[in-house]
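File shown: coords_28.cif. Contents: mmCIF, C-alpha atoms.
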data_query
#
loop_
_atom_site.label_atom_id
_atom_site.label_comp_id
_atom_site.auth_asym_id
_atom_site.auth_seq_id
_atom_site.Cartn_x
_atom_site.Cartn_y
_atom_site.Cartn_z
CA MET U 1 0.00 0.00 0.00
CA SER U 2 1.40 3.42 -0.99
CA ASN U 3 1.91 6.14 1.61
CA SER U 4 -0.72 8.30 -0.08
CA ILE U 5 -3.37 5.58 0.07
CA ARG U 6 -2.40 4.74 3.66
CA CYS U 7 -2.68 8.37 4.74
CA ALA U 8 -5.97 8.82 2.89
CA LEU U 9 -7.45 5.75 4.58
CA LEU U 10 -6.36 6.91 8.02
CA SER U 11 -7.56 10.48 7.44
CA ALA U 12 -10.95 9.29 6.26
CA LEU U 13 -11.38 7.04 9.27
CA ILE U 14 -10.33 9.78 11.69
CA ALA U 15 -12.89 12.09 10.08
CA VAL U 16 -15.65 9.51 10.46
CA VAL U 17 -14.73 8.71 14.05
CA THR U 18 -14.56 12.39 15.00
CA ALA U 19 -17.84 13.16 13.27
CA LEU U 20 -19.55 10.40 15.19
CA GLY U 21 -18.14 11.64 18.46
CA LEU U 22 -16.35 8.38 19.13
CA VAL U 23 -13.02 9.79 20.33
CA ALA U 24 -13.22 9.82 24.11
CA PRO U 25 -12.10 12.97 25.94
CA ALA U 26 -9.04 12.87 28.18
CA GLY U 27 -9.93 11.35 31.53
CA ALA U 28 -12.86 9.35 30.19
CA ALA U 29 -13.46 5.93 31.70
CA ARG U 30 -11.61 3.16 29.90
CA GLU U 31 -13.51 0.05 28.84
CA ILE U 32 -11.77 -2.71 26.91
CA ALA U 33 -14.05 -5.60 25.95
CA PRO U 34 -12.73 -9.10 25.29
CA ARG U 35 -13.94 -8.95 21.70
CA PRO U 36 -14.09 -5.36 20.48
CA SER U 37 -15.94 -4.94 17.22
CA THR U 38 -14.20 -3.63 14.13
CA GLU U 39 -15.63 -0.18 14.81
CA GLU U 40 -14.76 -0.30 18.50
CA LEU U 41 -11.19 -1.36 17.74
CA ALA U 42 -10.75 1.65 15.45
CA ARG U 43 -12.27 3.93 18.08
CA GLN U 44 -9.98 2.64 20.82
CA LEU U 45 -6.86 2.91 18.68
CA LEU U 46 -7.61 6.47 17.62
CA ASP U 47 -8.56 7.34 21.20
CA LEU U 48 -5.14 6.05 22.32
CA GLN U 49 -3.43 8.19 19.69
CA VAL U 50 -5.29 11.31 20.83
CA ARG U 51 -4.97 10.73 24.58
CA SER U 52 -1.28 9.82 24.35
CA ARG U 53 -0.56 13.06 22.48
CA GLY U 54 0.94 11.07 19.66
CA GLU U 55 3.07 8.69 21.74
CA VAL U 56 0.89 5.93 20.26
CA ARG U 57 1.08 6.23 16.48
CA VAL U 58 -1.69 4.48 14.58
CA THR U 59 -1.66 3.69 10.88
CA PRO U 60 -3.15 1.03 8.60
CA ILE U 61 -0.55 -1.23 6.99
CA GLY U 62 -3.10 -2.21 4.37
CA ALA U 63 -6.58 -3.59 4.02
CA SER U 64 -8.15 -7.03 4.18
CA ASN U 65 -9.94 -8.62 1.24
CA GLN U 66 -13.17 -7.07 2.50
CA GLN U 67 -11.42 -3.69 2.78
CA ARG U 68 -11.13 -3.51 6.57
CA PRO U 69 -7.98 -1.79 7.84
CA VAL U 70 -5.19 -3.93 9.25
CA TRP U 71 -3.83 -1.67 11.97
CA SER U 72 -0.34 -1.00 13.24
CA ALA U 73 -0.02 0.86 16.54
CA ARG U 74 3.49 1.87 17.58
CA VAL U 75 4.74 3.20 20.92
CA GLY U 76 8.24 4.22 21.95
CA HIS U 77 11.20 5.42 19.92
CA GLY U 78 14.07 3.37 21.33
CA PRO U 79 16.65 1.38 19.39
CA GLN U 80 15.39 -2.06 20.43
CA ARG U 81 12.44 -3.04 18.22
CA ILE U 82 9.69 -5.46 19.24
CA LEU U 83 6.76 -6.60 17.09
CA TYR U 84 3.59 -8.06 18.63
CA VAL U 85 0.99 -9.59 16.31
CA THR U 86 -2.51 -10.47 17.52
CA GLN U 87 -5.43 -12.42 16.08
CA GLN U 88 -3.98 -13.90 12.91
CA HIS U 89 -6.77 -16.41 13.43
CA GLY U 90 -10.01 -14.49 13.53
CA ASP U 91 -11.65 -16.64 16.21
CA GLU U 92 -8.70 -16.34 18.64
CA PRO U 93 -9.37 -12.86 20.03
CA LEU U 94 -7.84 -12.33 23.47
CA GLY U 95 -4.42 -11.06 22.43
CA THR U 96 -6.10 -8.02 20.89
CA PRO U 97 -7.55 -6.46 24.08
CA ALA U 98 -4.26 -7.25 25.85
CA ALA U 99 -2.42 -5.28 23.17
CA LEU U 100 -4.80 -2.34 23.53
CA GLU U 101 -4.18 -2.32 27.28
CA PHE U 102 -0.41 -2.53 26.75
CA LEU U 103 -0.50 0.47 24.41
CA ARG U 104 -2.55 2.43 26.94
CA GLU U 105 -0.28 1.63 29.87
CA VAL U 106 2.93 2.43 27.99
CA GLY U 107 1.69 5.30 25.84
CA ILE U 108 -0.67 7.36 27.98
CA GLY U 109 1.21 9.17 30.71
CA ASN U 110 4.60 10.72 31.16
CA ASP U 111 6.00 9.36 34.40
CA GLN U 112 9.68 8.55 34.70
CA HIS U 113 9.28 4.85 34.03
CA GLN U 114 7.12 5.37 30.95
CA ARG U 115 9.57 7.88 29.53
CA TRP U 116 12.49 5.50 30.18
CA LEU U 117 10.73 2.54 28.55
CA ARG U 118 9.76 4.55 25.49
CA GLU U 119 13.35 5.75 25.16
CA GLN U 120 14.71 2.19 25.18
CA VAL U 121 12.29 0.28 22.97
CA THR U 122 9.98 0.76 20.02
CA VAL U 123 7.04 -1.63 20.19
CA ASP U 124 4.91 -2.07 17.11
CA VAL U 125 1.65 -4.01 17.34
CA VAL U 126 -0.25 -5.43 14.39
CA VAL U 127 -3.58 -5.31 16.17
CA ARG U 128 -6.03 -7.91 14.86
CA ALA U 129 -4.14 -9.07 11.82
CA ASN U 130 -7.24 -10.83 10.44
CA PRO U 131 -10.22 -8.46 10.71
CA ASP U 132 -12.34 -10.38 8.18
CA GLY U 133 -11.85 -13.63 10.10
CA HIS U 134 -12.94 -11.81 13.24
CA GLU U 135 -16.11 -10.62 11.52
CA HIS U 136 -16.92 -14.12 10.26
CA ASN U 137 -15.84 -15.71 13.55
CA TRP U 138 -13.60 -18.22 11.84
CA ARG U 139 -9.92 -19.08 11.71
CA TYR U 140 -9.24 -18.05 8.12
CA ASN U 141 -9.16 -14.81 6.21
CA TYR U 142 -12.01 -14.12 3.78
CA ASP U 143 -11.38 -15.36 0.25
CA PRO U 144 -14.33 -17.27 -1.22
CA ASP U 145 -12.27 -18.14 -4.30
CA ALA U 146 -9.57 -19.82 -2.24
CA ASP U 147 -8.71 -23.47 -2.73
CA PRO U 148 -5.71 -23.39 -0.43
CA GLU U 149 -3.13 -25.86 0.71
CA PHE U 150 -3.67 -24.44 4.20
CA GLY U 151 -7.16 -23.15 4.88
CA GLU U 152 -10.63 -24.10 3.67
CA ALA U 153 -11.96 -23.94 0.15
CA GLY U 154 -14.68 -21.34 -0.24
CA LYS U 155 -13.72 -19.62 3.03
CA GLY U 156 -10.11 -18.50 2.93
CA TYR U 157 -6.49 -19.01 3.83
CA ASP U 158 -4.98 -19.88 7.20
CA ILE U 159 -2.74 -16.83 7.12
CA ASN U 160 -0.37 -18.31 9.70
CA ARG U 161 0.85 -20.76 7.06
CA TYR U 162 1.78 -18.10 4.53
CA HIS U 163 4.79 -16.24 5.95
CA ASP U 164 7.38 -18.24 4.00
CA PRO U 165 10.45 -16.02 3.50
CA ALA U 166 10.91 -17.55 0.04
CA VAL U 167 7.63 -15.97 -1.14
CA ALA U 168 7.66 -12.25 -1.89
CA PRO U 169 4.89 -10.33 -0.06
CA GLU U 170 3.36 -9.16 -3.34
CA ASP U 171 3.07 -12.79 -4.47
CA ASN U 172 1.47 -14.00 -1.26
CA PRO U 173 -2.01 -15.46 -1.88
CA ALA U 174 -3.03 -14.77 1.73
CA THR U 175 -3.49 -11.00 1.69
CA GLU U 176 -2.99 -10.31 5.39
CA ALA U 177 0.08 -12.54 5.63
CA GLY U 178 1.63 -10.53 2.81
CA LEU U 179 0.90 -7.32 4.71
CA ILE U 180 2.58 -8.65 7.85
CA ARG U 181 5.59 -9.88 5.88
CA ARG U 182 6.06 -6.46 4.30
CA HIS U 183 5.56 -4.73 7.65
CA HIS U 184 8.12 -7.00 9.30
CA ALA U 185 10.62 -6.22 6.54
CA ASP U 186 10.06 -2.47 6.97
CA PHE U 187 10.27 -2.52 10.78
CA GLN U 188 13.01 -5.18 11.13
CA PRO U 189 12.21 -6.14 14.73
CA HIS U 190 14.75 -7.78 16.99
CA ILE U 191 11.90 -9.69 18.67
CA SER U 192 8.59 -10.89 17.18
CA VAL U 193 5.79 -12.37 19.30
CA ASP U 194 2.64 -13.86 17.79
CA TYR U 195 -0.44 -14.24 20.04
CA HIS U 196 -2.93 -17.07 19.43
CA MET U 197 -5.38 -19.26 21.34
CA GLN U 198 -5.52 -23.03 21.82
CA GLY U 199 -7.84 -25.58 23.37
CA ARG U 200 -7.71 -26.83 26.98
CA TYR U 201 -5.00 -29.17 28.22
CA VAL U 202 -3.70 -30.61 31.46
CA GLY U 203 -0.04 -30.79 32.42
CA GLY U 204 1.81 -33.75 33.85
CA ASP U 205 1.20 -32.47 37.38
CA GLY U 206 -2.59 -32.52 36.88
CA ARG U 207 -2.94 -28.73 36.69
CA GLU U 208 -4.67 -27.14 33.73
CA ILE U 209 -2.39 -25.44 31.22
CA THR U 210 -3.38 -21.79 30.82
CA ALA U 211 -0.97 -20.96 27.98
CA SER U 212 1.74 -22.50 25.85
CA LEU U 213 4.70 -21.01 24.00
CA MET U 214 7.36 -22.04 21.53
CA TRP U 215 10.37 -20.67 19.65
CA PRO U 216 11.32 -21.48 16.02
CA THR U 217 11.67 -25.18 15.29
CA THR U 218 12.34 -25.10 11.55
CA PRO U 219 15.85 -25.98 10.33
CA GLY U 220 18.09 -23.11 9.32
CA VAL U 221 17.34 -20.54 12.03
CA ALA U 222 20.64 -18.95 13.06
CA GLU U 223 21.94 -19.47 16.59
CA GLU U 224 21.58 -15.85 17.70
CA PRO U 225 17.86 -15.36 16.92
CA LEU U 226 17.07 -18.88 18.14
CA ASN U 227 18.75 -18.23 21.49
CA LEU U 228 17.01 -14.86 21.76
CA ALA U 229 13.65 -16.53 21.10
CA LYS U 230 14.34 -19.00 23.90
CA GLN U 231 15.37 -16.18 26.24
CA VAL U 232 12.18 -14.27 25.41
CA SER U 233 10.17 -17.44 26.02
CA VAL U 234 11.67 -17.81 29.50
CA VAL U 235 10.93 -14.16 30.30
CA ALA U 236 7.32 -14.45 29.11
CA ARG U 237 6.72 -17.72 30.91
CA SER U 238 8.15 -16.41 34.20
CA ALA U 239 5.97 -13.29 34.11
CA MET U 240 2.82 -15.21 33.24
CA ASP U 241 3.42 -17.89 35.87
CA ALA U 242 4.06 -15.17 38.48
CA GLY U 243 0.55 -13.91 37.75
CA GLY U 244 -0.99 -17.33 38.38
CA ALA U 245 -0.66 -18.89 34.94
CA ASN U 246 0.60 -22.40 34.16
CA VAL U 247 2.65 -22.16 30.98
CA SER U 248 3.90 -25.11 28.95
CA GLN U 249 5.85 -25.74 25.77
CA TYR U 250 3.70 -25.75 22.65
CA PRO U 251 4.13 -28.79 20.37
CA GLY U 252 4.45 -26.76 17.19
CA GLY U 253 5.47 -27.89 13.73
CA ASP U 254 8.55 -26.97 11.72
CA TYR U 255 6.90 -25.69 8.53
CA GLN U 256 8.68 -22.46 7.56
CA GLY U 257 5.47 -20.68 6.54
CA ILE U 258 4.38 -20.46 10.19
CA ALA U 259 5.14 -16.96 11.50
CA ARG U 260 7.08 -18.31 14.49
CA ASN U 261 9.44 -20.10 12.11
CA ALA U 262 9.49 -17.62 9.25
CA TYR U 263 10.48 -14.64 11.35
CA GLY U 264 13.15 -16.70 13.07
CA LEU U 265 14.59 -17.45 9.64
CA LEU U 266 14.47 -13.71 8.94
CA GLY U 267 16.54 -12.97 12.05
CA SER U 268 14.00 -12.13 14.77
CA GLY U 269 13.84 -13.73 18.18
CA SER U 270 10.46 -15.16 17.20
CA VAL U 271 8.01 -16.59 19.74
CA LEU U 272 4.49 -18.02 19.66
CA ILE U 273 2.21 -17.55 22.68
CA GLU U 274 -1.04 -19.54 22.78
CA LEU U 275 -3.62 -18.58 25.42
CA SER U 276 -5.89 -21.46 26.40
CA ASP U 277 -9.58 -21.01 25.60
CA MET U 278 -10.84 -21.60 29.14
CA GLY U 279 -14.29 -20.05 28.77
CA PRO U 280 -15.83 -16.64 29.46
CA GLU U 281 -15.21 -16.77 33.20
CA HIS U 282 -11.44 -16.85 32.60
CA GLU U 283 -11.17 -14.31 29.79
CA GLN U 284 -10.11 -11.38 31.97
CA PHE U 285 -7.40 -13.52 33.55
CA GLN U 286 -6.14 -14.58 30.13
CA ILE U 287 -6.07 -11.01 28.86
CA THR U 288 -4.08 -10.00 31.92
CA SER U 289 -1.74 -12.94 31.44
CA ALA U 290 -1.00 -11.91 27.85
CA LEU U 291 -0.53 -8.33 29.05
CA ASP U 292 1.96 -9.54 31.68
CA SER U 293 4.00 -11.19 28.94
CA MET U 294 3.97 -8.06 26.77
CA HIS U 295 5.21 -5.89 29.61
CA ALA U 296 7.84 -8.40 30.72
CA ILE U 297 9.28 -8.78 27.21
CA ALA U 298 9.42 -5.02 26.70
CA GLU U 299 10.98 -4.41 30.14
CA ALA U 300 13.59 -7.17 29.82
CA THR U 301 14.53 -5.87 26.39
CA ALA U 302 14.73 -2.28 27.63
CA ASP U 303 17.00 -3.02 30.61
CA GLY U 304 19.02 -5.68 28.79
CA SER U 305 18.19 -8.42 31.27
CA VAL U 306 16.83 -10.69 28.53
CA ALA U 307 20.44 -11.19 27.40
CA SER U 308 21.37 -12.66 30.79
CA VAL U 309 18.77 -15.45 30.59
CA ASP U 310 20.15 -18.92 29.91
CA PRO U 311 18.46 -20.13 26.70
CA ALA U 312 18.66 -23.69 28.03
CA GLU U 313 16.00 -22.77 30.59
CA ALA U 314 13.46 -22.78 27.77
CA GLU U 315 14.04 -26.47 27.16
CA ALA U 316 13.09 -27.15 30.79
CA ILE U 317 9.58 -25.69 30.33
CA PRO U 318 7.27 -28.71 30.65
CA PRO U 319 5.34 -30.09 27.66
CA ARG U 320 1.68 -29.22 27.20
CA GLY U 321 0.11 -32.55 28.11
CA GLU U 322 -3.19 -34.12 27.09
CA PRO U 323 -6.45 -32.45 26.01
CA ILE U 324 -9.16 -32.09 28.63
CA PRO U 325 -12.09 -34.28 27.53
CA ALA U 326 -15.12 -32.37 26.22
CA ALA U 327 -13.23 -29.07 26.39
CA THR U 328 -12.91 -26.59 23.54
CA THR U 329 -10.59 -27.78 20.78
CA ARG U 330 -8.70 -25.62 18.35
CA ALA U 331 -6.27 -26.24 15.52
CA GLY U 332 -2.59 -25.59 16.15
CA ASP U 333 -0.38 -22.53 15.70
#

Spell out the structure here as structure tokens.
Amino acid sequence: MSNSIRCALLSALIAVVTALGLVAPAGAAREIAPRPSTEELARQLLDLQVRSRGEVRVTPIGASNQQRPVWSARVGHGPQRILYVTQQHGDEPLGTPAALEFLREVGIGNDQHQRWLREQVTVDVVVRANPDGHEHNWRYNYDPDADPEFGEAGKGYDINRYHDPAVAPEDNPATEAGLIRRHHADFQPHISVDYHMQGRYVGGDGREITASLMWPTTPGVAEEPLNLAKQVSVVARSAMDAGGANVSQYPGGDYQGIARNAYGLLGSGSVLIELSDMGPEHEQFQITSALDSMHAIAEATADGSVASVDPAEAEAIPPRGEPIPAATTRAGD
């Protein structure tokens, strides 16, 4: 997408939002729902931009097949670059409200800690990478002409199988995956974290698994980004467990089109985080757990402590365990 089209799209949306009175005044009560609508997501992002006095910078990186914006929201201006991606699968929503909360807590305010963090890191969030899938409440993007290797004919592509570094973004059949690939290339993050949701599982100790994570497992990832991914995984797991979570290793595949693998091949410390779908009564906990990981990764990157983590600690994270009978099931990665 050209800069002129991007700016025109953003300007038009700001005009609509302002005309409708949707931008909340400073000091207004904050409400972040577990599943904000497309319109509510736009309102919240633009509200963050206004209330942060531009510390949160919002721009569309392109549009979905049904012409919904795919949003980037960026906070901070430090040399260490982190990319968070939420909701590649449209029916896996809880990373999105966590990202909105992270942007609010880092971007709105000017206390000493916020200023320090913003000086050390730049965090870019692709917020709801698959807006059409969200609208249709399914895993895939929307492409009724698709007959994909990964996805479902007549519905669309599983965009988290279409990040292969060997495929140029402009040749990518999965529109939103191509947008993310191009955005990653432009931003060149040191760390990339992809937020998903999984079914319900029990660990070897009999406790329910609340989240799982994994680093790149495809052959060819260089030692430095692989070790960084493992260090980031340990940091995220420690923060989530400290908040009451029970985090396991995710049994992910090695296909290089999966974002976790692709961005490792491209040099990022690339991590997958899967929040367990534990039902409505646990959604606020899961949002907070994802938020804990976002803050911990940003903080450990900012103060350099991530570099002191032994990557071997990641291998000691216990495996996910067996599915809980009759619980929600989801496909992997």

>> For a quick check of understanding, using all atoms listed in the file, which of U:Pro216, U:Gly156, U:Gly107, U:Pro79 has the smallest distance to Glu176 in chain U?
In response: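 Going through U:Pro216, U:Gly156, U:Gly107, U:Pro79 one by one, the smallest distance to Glu176 in chain U is for U:Gly156.
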
Which range 175-248 of chain U residues have any atom within 12 Å of an atom of range 51-61 of chain U, and for each, what is the nearest pair of atoms with distance in Å to one decimal, counting all atoms listed in the file, rows sorted by chain and number, as JSON lines?
{"residue": "U:Thr175", "atom": "CA", "partner": "U:Ile61", "partner_atom": "CA", "distance": 11.5}
{"residue": "U:Glu176", "atom": "CA", "partner": "U:Ile61", "partner_atom": "CA", "distance": 9.5}
{"residue": "U:Ala177", "atom": "CA", "partner": "U:Ile61", "partner_atom": "CA", "distance": 11.4}
{"residue": "U:Gly178", "atom": "CA", "partner": "U:Ile61", "partner_atom": "CA", "distance": 10.4}
{"residue": "U:Leu179", "atom": "CA", "partner": "U:Ile61", "partner_atom": "CA", "distance": 6.7}
{"residue": "U:Ile180", "atom": "CA", "partner": "U:Ile61", "partner_atom": "CA", "distance": 8.1}
{"residue": "U:Arg181", "atom": "CA", "partner": "U:Ile61", "partner_atom": "CA", "distance": 10.7}
{"residue": "U:Arg182", "atom": "CA", "partner": "U:Ile61", "partner_atom": "CA", "distance": 8.8}
{"residue": "U:His183", "atom": "CA", "partner": "U:Ile61", "partner_atom": "CA", "distance": 7.1}
{"residue": "U:His184", "atom": "CA", "partner": "U:Ile61", "partner_atom": "CA", "distance": 10.7}
{"residue": "U:Asp186", "atom": "CA", "partner": "U:Ile61", "partner_atom": "CA", "distance": 10.7}
{"residue": "U:Phe187", "atom": "CA", "partner": "U:Ile61", "partner_atom": "CA", "distance": 11.5}

For the structure shown, which residues end up in the PyMOL selection byres ((chain U and resi 286-298) around 9)? Put them as a tab-separated table (two decimals) with C-alpha atoms, in the frame of the given file, please?
chain	number	residue	atom	x	y	z
U	34	PRO	CA	-12.73	-9.10	25.29
U	82	ILE	CA	9.69	-5.46	19.24
U	84	TYR	CA	3.59	-8.06	18.63
U	94	LEU	CA	-7.84	-12.33	23.47
U	95	GLY	CA	-4.42	-11.06	22.43
U	96	THR	CA	-6.10	-8.02	20.89
U	97	PRO	CA	-7.55	-6.46	24.08
U	98	ALA	CA	-4.26	-7.25	25.85
U	99	ALA	CA	-2.42	-5.28	23.17
U	101	GLU	CA	-4.18	-2.32	27.28
U	102	PHE	CA	-0.41	-2.53	26.75
U	106	VAL	CA	2.93	2.43	27.99
U	117	LEU	CA	10.73	2.54	28.55
U	121	VAL	CA	12.29	0.28	22.97
U	122	THR	CA	9.98	0.76	20.02
U	123	VAL	CA	7.04	-1.63	20.19
U	191	ILE	CA	11.90	-9.69	18.67
U	193	VAL	CA	5.79	-12.37	19.30
U	195	TYR	CA	-0.44	-14.24	20.04
U	210	THR	CA	-3.38	-21.79	30.82
U	211	ALA	CA	-0.97	-20.96	27.98
U	232	VAL	CA	12.18	-14.27	25.41
U	233	SER	CA	10.17	-17.44	26.02
U	235	VAL	CA	10.93	-14.16	30.30
U	236	ALA	CA	7.32	-14.45	29.11
U	237	ARG	CA	6.72	-17.72	30.91
U	238	SER	CA	8.15	-16.41	34.20
U	239	ALA	CA	5.97	-13.29	34.11
U	240	MET	CA	2.82	-15.21	33.24
U	241	ASP	CA	3.42	-17.89	35.87
U	243	GLY	CA	0.55	-13.91	37.75
U	244	GLY	CA	-0.99	-17.33	38.38
U	245	ALA	CA	-0.66	-18.89	34.94
U	273	ILE	CA	2.21	-17.55	22.68
U	275	LEU	CA	-3.62	-18.58	25.42
U	276	SER	CA	-5.89	-21.46	26.40
U	277	ASP	CA	-9.58	-21.01	25.60
U	278	MET	CA	-10.84	-21.60	29.14
U	282	HIS	CA	-11.44	-16.85	32.60
U	283	GLU	CA	-11.17	-14.31	29.79
U	284	GLN	CA	-10.11	-11.38	31.97
U	285	PHE	CA	-7.40	-13.52	33.55
U	299	GLU	CA	10.98	-4.41	30.14
U	300	ALA	CA	13.59	-7.17	29.82
U	301	THR	CA	14.53	-5.87	26.39
U	302	ALA	CA	14.73	-2.28	27.63
U	303	ASP	CA	17.00	-3.02	30.61
U	306	VAL	CA	16.83	-10.69	28.53

Write out, as CSV, each residue of range 108-164 of chain U that has an atom at most 6 Å from range 250-266 of chain U, together with the closest pair of atoms and their distance in Å to one decimal, counting only C-alpha atoms, rows going by chain and rising number.
residue,atom,partner,partner_atom,distance
U:Asn160,CA,U:Ile258,CA,5.2
U:Arg161,CA,U:Gly257,CA,4.6
U:Tyr162,CA,U:Gly257,CA,4.9
U:His163,CA,U:Gly257,CA,4.5
U:Asp164,CA,U:Gly257,CA,4.0

Give me the result of the PyMOL selection byres ((chain U and resi 317) around 10) on this file, residue by residue, as a PDB file with C-alpha atoms, in the frame of the given file.
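The result, written out as out23.pdb:
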ATOM      1  CA  SER U 212       1.740 -22.500  25.850  1.00  0.00           C
ATOM      2  CA  LEU U 213       4.700 -21.010  24.000  1.00  0.00           C
ATOM      3  CA  MET U 214       7.360 -22.040  21.530  1.00  0.00           C
ATOM      4  CA  SER U 233      10.170 -17.440  26.020  1.00  0.00           C
ATOM      5  CA  VAL U 234      11.670 -17.810  29.500  1.00  0.00           C
ATOM      6  CA  ARG U 237       6.720 -17.720  30.910  1.00  0.00           C
ATOM      7  CA  VAL U 247       2.650 -22.160  30.980  1.00  0.00           C
ATOM      8  CA  SER U 248       3.900 -25.110  28.950  1.00  0.00           C
ATOM      9  CA  GLN U 249       5.850 -25.740  25.770  1.00  0.00           C
ATOM     10  CA  TYR U 250       3.700 -25.750  22.650  1.00  0.00           C
ATOM     11  CA  ALA U 312      18.660 -23.690  28.030  1.00  0.00           C
ATOM     12  CA  GLU U 313      16.000 -22.770  30.590  1.00  0.00           C
ATOM     13  CA  ALA U 314      13.460 -22.780  27.770  1.00  0.00           C
ATOM     14  CA  GLU U 315      14.040 -26.470  27.160  1.00  0.00           C
ATOM     15  CA  ALA U 316      13.090 -27.150  30.790  1.00  0.00           C
ATOM     16  CA  PRO U 318       7.270 -28.710  30.650  1.00  0.00           C
ATOM     17  CA  PRO U 319       5.340 -30.090  27.660  1.00  0.00           C
ATOM     18  CA  ARG U 320       1.680 -29.220  27.200  1.00  0.00           C
TER      19      ARG U 320
END

>> Nearest residue to Arg115 in chain U out of U:Gly133, U:Ala326, U:Ala242, U:His77, using all atoms listed in the file?
In response: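 Using all atoms listed in the file, the shortest distance to Arg115 in chain U belongs to U:His77.
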
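Relative to CA of Asp333 in chain U, CA of Val202 in chain U is found at 18.0 Å.
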
> So which residues are close to (-14.3, -20.2, 0.3), meaning at most 8 Å away in the file's coordinates with only C-alpha atoms counted, and can you show them as an NGL selection string?
Replying inline: :U and (142-147 or 152-156)

Preceding selection exported with C-alpha atoms as a PDB file, keeping the file's coordinate frame:
ATOM      1  CA  TYR U 142     -12.010 -14.120   3.780  1.00  0.00           C
ATOM      2  CA  ASP U 143     -11.380 -15.360   0.250  1.00  0.00           C
ATOM      3  CA  PRO U 144     -14.330 -17.270  -1.220  1.00  0.00           C
ATOM      4  CA  ASP U 145     -12.270 -18.140  -4.300  1.00  0.00           C
ATOM      5  CA  ALA U 146      -9.570 -19.820  -2.240  1.00  0.00           C
ATOM      6  CA  ASP U 147      -8.710 -23.470  -2.730  1.00  0.00           C
ATOM      7  CA  GLU U 152     -10.630 -24.100   3.670  1.00  0.00           C
ATOM      8  CA  ALA U 153     -11.960 -23.940   0.150  1.00  0.00           C
ATOM      9  CA  GLY U 154     -14.680 -21.340  -0.240  1.00  0.00           C
ATOM     10  CA  LYS U 155     -13.720 -19.620   3.030  1.00  0.00           C
ATOM     11  CA  GLY U 156     -10.110 -18.500   2.930  1.00  0.00           C
TER      12      GLY U 156
END

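Checking U:Asn130, U:Gln44, U:Gln112, U:Thr86 one by one against Ala174 in chain U, counting only C-alpha atoms, you find the shortest gap at U:Asn130.
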
>> Rounded to one decimal, what separation in Å do you get between CA of Val85 in chain U and CA of Leu272 in chain U?
In response: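 Value for the CA of Val85 in chain U-CA of Leu272 in chain U distance: 9.7 Å.
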
> Do you have the CA of His134 in chain U-CA of Arg104 in chain U distance handy?
Replying inline: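 One can read the CA of His134 in chain U to CA of Arg104 in chain U distance as 22.3 Å.
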